[in-house]
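Listing of structure05.txt, compact mmCIF, C-alpha atoms
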```
# COMPACT_ATOMS: atom_id res chain seq x y z
CA MET I 1 25.53 -37.53 16.63
CA ASN I 2 25.19 -38.17 20.35
CA LEU I 3 22.47 -35.65 21.21
CA LEU I 4 22.84 -35.92 24.98
CA GLY I 5 26.61 -35.65 24.68
CA ALA I 6 26.31 -32.48 22.59
CA LEU I 7 23.90 -30.92 25.07
CA GLY I 8 26.23 -31.95 27.89
CA LEU I 9 29.12 -30.14 26.23
CA ASN I 10 26.94 -27.05 25.85
CA PHE I 11 25.94 -27.19 29.50
CA GLY I 12 29.55 -27.62 30.62
CA LEU I 13 30.57 -24.62 28.52
CA LEU I 14 27.77 -22.56 30.05
CA VAL I 15 28.82 -23.48 33.61
CA ALA I 16 32.45 -22.62 32.87
CA ILE I 17 31.56 -19.20 31.44
CA MET I 18 29.18 -18.47 34.31
CA LEU I 19 31.90 -19.27 36.89
CA ILE I 20 34.33 -16.92 35.15
CA LEU I 21 31.72 -14.15 35.07
CA TRP I 22 30.90 -14.83 38.74
CA LEU I 23 34.56 -14.25 39.63
CA ILE I 24 34.49 -10.98 37.68
CA SER I 25 31.29 -9.90 39.45
CA VAL I 26 32.90 -10.61 42.83
CA ARG I 27 35.90 -8.51 41.89
CA ILE I 28 33.81 -5.50 40.81
CA ARG I 29 31.06 -6.22 43.41
CA ASP I 30 28.26 -5.97 40.86
CA VAL I 31 26.29 -8.75 39.13
CA SER I 32 24.08 -6.47 37.03
CA PHE I 33 25.76 -7.42 33.75
CA ILE I 34 24.18 -10.86 34.16
CA ASP I 35 21.18 -9.54 32.20
CA ALA I 36 23.41 -8.95 29.18
CA PHE I 37 24.82 -12.46 29.45
CA TRP I 38 21.30 -13.91 29.52
CA ALA I 39 21.05 -12.87 25.87
CA TYR I 40 24.68 -13.48 24.90
CA GLY I 41 24.54 -16.90 26.56
CA MET I 42 21.74 -18.09 24.32
CA ALA I 43 23.67 -17.00 21.25
CA ILE I 44 26.68 -18.90 22.60
CA MET I 45 24.60 -22.06 23.16
CA ALA I 46 23.28 -21.85 19.60
CA SER I 47 26.79 -21.32 18.25
CA ALA I 48 28.18 -24.23 20.28
CA SER I 49 25.41 -26.45 18.86
CA PHE I 50 26.14 -25.25 15.33
CA MET I 51 29.84 -26.06 15.70
CA GLN I 52 28.94 -29.65 16.64
CA THR I 53 26.74 -30.12 13.55
CA GLU I 54 28.19 -31.86 10.52
CA SER I 55 27.18 -30.40 7.14
CA PRO I 56 24.55 -27.97 8.49
CA GLY I 57 21.81 -27.09 6.03
CA PRO I 58 19.48 -24.09 5.61
CA LEU I 59 17.37 -25.01 8.67
CA ALA I 60 20.36 -25.15 11.02
CA TYR I 61 21.76 -21.91 9.59
CA THR I 62 18.41 -20.15 10.02
CA ILE I 63 17.96 -21.21 13.66
CA TRP I 64 21.53 -20.20 14.48
CA ALA I 65 21.26 -16.84 12.68
CA LEU I 66 17.97 -15.88 14.36
CA THR I 67 19.24 -16.82 17.82
CA ALA I 68 22.56 -15.04 17.30
CA LEU I 69 20.83 -11.92 15.95
CA TRP I 70 18.46 -11.81 18.92
CA GLY I 71 21.18 -12.54 21.47
CA VAL I 72 23.88 -10.19 20.21
CA ARG I 73 21.43 -7.31 19.68
CA LEU I 74 19.80 -7.58 23.09
CA GLY I 75 23.00 -8.48 24.93
CA THR I 76 24.83 -5.44 23.54
CA HIS I 77 21.88 -3.18 24.37
CA LEU I 78 21.77 -4.40 27.98
CA PHE I 79 25.55 -4.31 28.39
CA LEU I 80 25.77 -0.70 27.18
CA ARG I 81 22.86 0.26 29.45
CA TRP I 82 24.64 -1.30 32.42
CA ARG I 83 27.87 0.55 31.59
CA LYS I 84 25.94 3.82 31.51
CA GLU I 85 23.57 3.37 34.46
CA GLY I 86 25.67 1.20 36.79
CA MET I 87 24.39 -1.28 39.35
CA ASP I 88 20.80 -2.46 38.93
CA PRO I 89 18.78 -1.70 42.11
CA ARG I 90 17.03 -5.08 41.81
CA TYR I 91 20.25 -7.04 42.25
CA LYS I 92 21.48 -4.67 44.93
CA LYS I 93 18.30 -5.45 46.90
CA ILE I 94 18.43 -9.22 46.27
CA LEU I 95 22.07 -9.58 47.26
CA GLY I 96 21.70 -7.11 50.13
CA GLN I 97 18.92 -9.19 51.67
CA ALA I 98 20.98 -12.38 51.40
CA MET I 99 23.96 -10.69 53.03
CA ASP I 100 22.03 -8.91 55.79
CA ARG I 101 19.44 -11.55 56.70
CA GLN I 102 21.35 -14.75 56.01
CA GLY I 103 24.89 -13.63 56.69
CA MET I 104 26.18 -14.52 53.24
CA SER I 105 29.34 -13.01 51.85
CA PHE I 106 28.99 -11.03 48.63
CA ALA I 107 30.66 -13.89 46.72
CA LYS I 108 28.24 -16.50 48.07
CA ALA I 109 25.19 -14.30 47.55
CA ALA I 110 26.25 -13.51 43.98
CA LEU I 111 26.76 -17.19 43.21
CA LEU I 112 23.59 -18.56 44.80
CA ARG I 113 21.16 -15.68 44.22
CA ALA I 114 22.24 -14.73 40.70
CA TRP I 115 24.63 -16.83 38.63
CA ALA I 116 23.73 -20.38 39.73
CA LEU I 117 20.03 -19.72 39.20
CA GLN I 118 20.60 -18.43 35.68
CA ILE I 119 22.41 -21.55 34.43
CA PRO I 120 19.47 -24.00 34.22
CA LEU I 121 16.97 -21.30 33.25
CA LEU I 122 19.07 -20.03 30.35
CA PHE I 123 19.79 -23.57 29.18
CA ILE I 124 16.12 -24.57 29.23
CA VAL I 125 14.82 -21.43 27.51
CA CYS I 126 17.22 -21.84 24.59
CA LEU I 127 16.65 -25.59 24.22
CA PRO I 128 14.57 -25.11 21.04
CA ALA I 129 17.54 -23.46 19.33
CA GLN I 130 20.05 -26.03 20.60
CA LEU I 131 17.95 -29.07 19.72
CA GLY I 132 16.78 -27.60 16.43
CA ILE I 133 20.34 -27.00 15.25
CA LEU I 134 21.64 -30.36 16.48
CA LEU I 135 18.80 -32.31 14.86
CA ALA I 136 18.39 -30.30 11.65
CA GLY I 137 21.35 -31.79 9.82
CA SER I 138 21.24 -30.71 6.17
CA ASP I 139 17.46 -30.14 6.15
CA GLY I 140 15.97 -27.27 4.20
CA LEU I 141 13.27 -24.84 5.26
CA SER I 142 9.65 -25.93 5.39
CA ALA I 143 6.65 -23.61 5.22
CA VAL I 144 6.33 -23.88 9.02
CA SER I 145 9.95 -22.83 9.47
CA ILE I 146 9.52 -19.85 7.16
CA ILE I 147 6.45 -18.70 9.11
CA GLY I 148 8.40 -19.10 12.34
CA ALA I 149 11.30 -17.05 10.95
CA VAL I 150 8.92 -14.24 10.02
CA ILE I 151 7.44 -14.25 13.55
CA ALA I 152 10.92 -14.25 15.10
CA LEU I 153 12.07 -11.34 12.91
CA ILE I 154 8.93 -9.38 13.78
CA GLY I 155 9.70 -9.99 17.45
CA ILE I 156 13.32 -8.90 17.12
CA GLY I 157 12.26 -5.79 15.20
CA PHE I 158 9.51 -4.98 17.70
CA GLU I 159 11.90 -5.32 20.62
CA THR I 160 14.61 -3.28 18.92
CA ILE I 161 12.29 -0.40 18.06
CA GLY I 162 10.78 -0.44 21.56
CA ASP I 163 14.23 -0.27 23.16
CA MET I 164 15.26 2.59 20.86
CA GLN I 165 12.12 4.57 21.69
CA LEU I 166 12.62 4.04 25.43
CA LYS I 167 16.28 5.06 25.22
CA ALA I 168 15.39 8.26 23.36
CA PHE I 169 12.64 9.00 25.90
CA LYS I 170 14.96 8.56 28.88
CA SER I 171 17.64 10.78 27.31
CA ASP I 172 15.19 13.69 27.00
CA PRO I 173 15.33 15.85 30.18
CA GLU I 174 11.69 16.87 29.68
CA SER I 175 10.64 13.22 30.07
CA LYS I 176 11.74 12.98 33.69
CA GLY I 177 8.90 11.65 35.86
CA LYS I 178 6.67 11.03 32.84
CA VAL I 179 5.41 7.84 31.22
CA LEU I 180 6.32 6.85 27.67
CA ASP I 181 3.00 6.39 25.88
CA SER I 182 3.90 7.03 22.25
CA GLY I 183 5.26 4.84 19.45
CA LEU I 184 4.96 1.14 20.21
CA TRP I 185 4.43 2.03 23.87
CA LYS I 186 1.04 3.42 22.91
CA TYR I 187 -0.20 -0.08 22.04
CA THR I 188 1.47 -2.21 24.72
CA ARG I 189 3.08 -1.35 28.04
CA HIS I 190 5.89 -3.80 27.30
CA PRO I 191 6.88 -3.88 23.61
CA ASN I 192 10.34 -5.21 24.51
CA TYR I 193 8.88 -8.16 26.40
CA PHE I 194 6.36 -8.82 23.63
CA GLY I 195 9.28 -8.83 21.17
CA ASP I 196 11.07 -11.46 23.29
CA PHE I 197 7.88 -13.52 23.33
CA CYS I 198 7.57 -13.47 19.53
CA ALA I 199 11.27 -14.08 18.96
CA TRP I 200 11.42 -17.28 20.99
CA TRP I 201 8.10 -18.72 19.91
CA GLY I 202 9.20 -17.97 16.36
CA ILE I 203 12.53 -19.75 16.87
CA TRP I 204 10.70 -22.74 18.34
CA LEU I 205 8.40 -22.84 15.31
CA VAL I 206 11.37 -22.65 12.93
CA ALA I 207 13.01 -25.58 14.72
CA SER I 208 9.86 -27.68 15.20
CA PRO I 209 10.18 -29.71 11.94
CA ALA I 210 13.50 -31.08 13.27
CA GLY I 211 11.67 -33.63 15.43
CA TRP I 212 9.78 -34.46 18.59
CA PRO I 213 12.54 -33.37 21.02
CA VAL I 214 12.00 -29.81 19.79
CA TRP I 215 8.26 -30.13 20.43
CA ILE I 216 8.99 -31.03 24.06
CA ALA I 217 11.42 -28.11 24.20
CA ALA I 218 8.38 -25.82 23.98
CA VAL I 219 8.86 -25.78 27.77
CA GLY I 220 11.54 -23.14 27.05
CA PRO I 221 9.35 -20.46 25.45
CA LEU I 222 6.51 -21.45 27.81
CA PHE I 223 8.69 -20.69 30.81
CA LEU I 224 9.92 -17.47 29.19
CA SER I 225 6.31 -16.40 28.55
CA PHE I 226 5.44 -17.05 32.20
CA THR I 227 8.49 -15.10 33.33
CA LEU I 228 7.73 -12.10 31.13
CA MET I 229 3.99 -11.90 31.86
CA LYS I 230 3.53 -13.29 35.37
CA TRP I 231 6.79 -13.44 37.30
CA SER I 232 9.92 -11.27 37.10
CA GLY I 233 9.13 -9.32 33.93
CA ALA I 234 6.12 -7.06 33.63
CA PRO I 235 4.70 -7.54 37.20
CA LEU I 236 7.96 -6.65 38.95
CA LEU I 237 8.59 -3.63 36.73
CA GLU I 238 5.06 -2.30 37.03
CA LYS I 239 5.11 -2.62 40.82
CA SER I 240 8.02 -0.18 40.87
CA LEU I 241 6.54 2.17 38.27
CA LYS I 242 3.24 2.45 40.13
CA LYS I 243 5.12 3.76 43.16
CA ASN I 244 7.31 6.24 41.30
CA ARG I 245 5.07 7.50 38.45
CA PRO I 246 1.77 9.13 39.54
CA ASP I 247 0.27 8.92 36.04
CA TYR I 248 1.16 5.26 35.51
CA ALA I 249 -2.25 4.12 36.77
CA ASP I 250 -3.94 6.02 33.90
CA TYR I 251 -1.44 4.51 31.47
CA ILE I 252 -2.37 1.02 32.71
CA GLU I 253 -6.06 1.77 32.30
CA ARG I 254 -5.79 2.78 28.65
CA THR I 255 -2.90 0.59 27.42
CA SER I 256 -2.74 -3.16 26.83
CA GLY I 257 -0.60 -5.00 29.34
CA PHE I 258 1.27 -7.20 26.88
CA PHE I 259 -0.17 -7.96 23.45
CA PRO I 260 -0.40 -4.84 21.21
CA MET I 261 -3.92 -3.43 21.06
CA PRO I 262 -5.45 -0.04 20.18
CA PRO I 263 -5.53 2.26 23.24
CA ARG I 264 -8.69 2.06 25.32
CA LYS I 265 -10.79 5.15 25.85
CA ILE I 266 -11.01 6.19 29.49
CA ALA I 267 -14.48 7.19 30.59
CA LYS I 268 -14.54 10.65 32.12
CA GLY I 269 -16.62 11.06 35.13
```
Reformat the file's structure so that it appears as structure tokens.
Amino acid sequence: MNLLGALGLNFGLLVAIMLILWLISVRIRDVSFIDAFWAYGMAIMASASFMQTESPGPLAYTIWALTALWGVRLGTHLFLRWRKEGMDPRYKKILGQAMDRQGMSFAKAALLRAWALQIPLLFIVCLPAQLGILLAGSDGLSAVSIIGAVIALIGIGFETIGDMQLKAFKSDPESKGKVLDSGLWKYTRHPNYFGDFCAWWGIWLVASPAGWPVWIAAVGPLFLSFTLMKWSGAPLLEKSLKKNRPDYADYIERTSGFFPMPPRKIAKG
């Protein structure tokens, strides 16, 4: 198998799909569904890799199944949320600034500020799945791969439960203006992001026995971890919540920022 050729086909497919979705976003003047495609796109990259693998074995099947499960579950959740809530204020602000300050058209702003940026980032983050599937051949599962699969499933379950709890909280009229601090949200302020973290480090660990290219592909989950903890994930969300939720400061003081921990006791004084 020509590894670079296979990855090139995957990348070309990703660009083609992104351009089609960009045209749709221009037509409806909303790019918010790009978040759903972030997840679906990784499942598509894993599936495209799987289709290029001759006689895939248990390792290839496991990597593909975990990536597809994560991607389809999260992508569907985000797509349905977008259909219900409409345009995401974040993208409205980003595109609005490009149009107002730089004189871009909506089409150009959507392409350069949203879709084009997502192509290399999505491709890099899901490299462990792509390379793992392409290199696995007919290999079976090692102990390392089994441990990785358990971690990935814990992450997917953690994220799924966290999303369900948040959805139920938002649908309760009595929750308006309040902070969710029960269930998984009692132990971490971002159970969904922590679930993502576990899922992709788990997938990398499953794929790691396939060879050294997968080890280098750790740059994918490393970048995702940085994004979730330091860049556009938790920091950006919390900046908004601090402004709009008066009791969020107390929630921050007693609740772990990312990794699940028992709630801290707040000294009264």
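Atom CA of I:Leu7 to atom CA of I:Ala46 spans 10.6 Å [interatomic distance, one decimal].
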> Could you name the residues that touch stretch 204-221 of chain I at 9 Å or less, counting all atoms listed in the file, but leaving out those on the same chain fewer than 4 positions away, as a VMD selection string?
Replying inline: chain I and resid 59 to 60 62 to 63 121 to 137 139 141 to 142 144 to 149 151 to 152 197 199 to 200 225 to 226
Can you write just those residues out, C-alpha atoms, as a tab-separated table (two decimals), keeping the file's coordinate frame?
```
chain	number	residue	atom	x	y	z
I	59	LEU	CA	17.37	-25.01	8.67
I	60	ALA	CA	20.36	-25.15	11.02
I	62	THR	CA	18.41	-20.15	10.02
I	63	ILE	CA	17.96	-21.21	13.66
I	121	LEU	CA	16.97	-21.30	33.25
I	122	LEU	CA	19.07	-20.03	30.35
I	123	PHE	CA	19.79	-23.57	29.18
I	124	ILE	CA	16.12	-24.57	29.23
I	125	VAL	CA	14.82	-21.43	27.51
I	126	CYS	CA	17.22	-21.84	24.59
I	127	LEU	CA	16.65	-25.59	24.22
I	128	PRO	CA	14.57	-25.11	21.04
I	129	ALA	CA	17.54	-23.46	19.33
I	130	GLN	CA	20.05	-26.03	20.60
I	131	LEU	CA	17.95	-29.07	19.72
I	132	GLY	CA	16.78	-27.60	16.43
I	133	ILE	CA	20.34	-27.00	15.25
I	134	LEU	CA	21.64	-30.36	16.48
I	135	LEU	CA	18.80	-32.31	14.86
I	136	ALA	CA	18.39	-30.30	11.65
I	137	GLY	CA	21.35	-31.79	9.82
I	139	ASP	CA	17.46	-30.14	6.15
I	141	LEU	CA	13.27	-24.84	5.26
I	142	SER	CA	9.65	-25.93	5.39
I	144	VAL	CA	6.33	-23.88	9.02
I	145	SER	CA	9.95	-22.83	9.47
I	146	ILE	CA	9.52	-19.85	7.16
I	147	ILE	CA	6.45	-18.70	9.11
I	148	GLY	CA	8.40	-19.10	12.34
I	149	ALA	CA	11.30	-17.05	10.95
I	151	ILE	CA	7.44	-14.25	13.55
I	152	ALA	CA	10.92	-14.25	15.10
I	197	PHE	CA	7.88	-13.52	23.33
I	199	ALA	CA	11.27	-14.08	18.96
I	200	TRP	CA	11.42	-17.28	20.99
I	225	SER	CA	6.31	-16.40	28.55
I	226	PHE	CA	5.44	-17.05	32.20
```
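Distance annotation: of I:Ile24, I:Ala43, I:Arg83, I:Val179, the residue with the minimal separation from I:Leu241 is I:Val179; atom set is all atoms listed in the file.
Across the structure, atom CA of I:Phe158 and atom CA of I:Gly75 are spaced 15.7 Å apart.
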> When you draw a straight line from atom CA of I:Ser47 to atom CA of I:Ala68, how long is it in Å?
Replying inline: 7.6 Å
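Comparing the minimum interatomic distances between I:Pro58 and each of I:Gly140, I:Gly96, I:Gly202, I:Pro120, counting all atoms listed in the file, we find that I:Gly140 sits nearest.
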>> Under the rule that all atoms listed in the file are counted, which of I:Val72, I:Val31, I:Arg189, I:Gly162 is the nearest residue to I:Pro89?
In response: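 Going through I:Val72, I:Val31, I:Arg189, I:Gly162 one by one, the smallest distance to I:Pro89 is for I:Val31.
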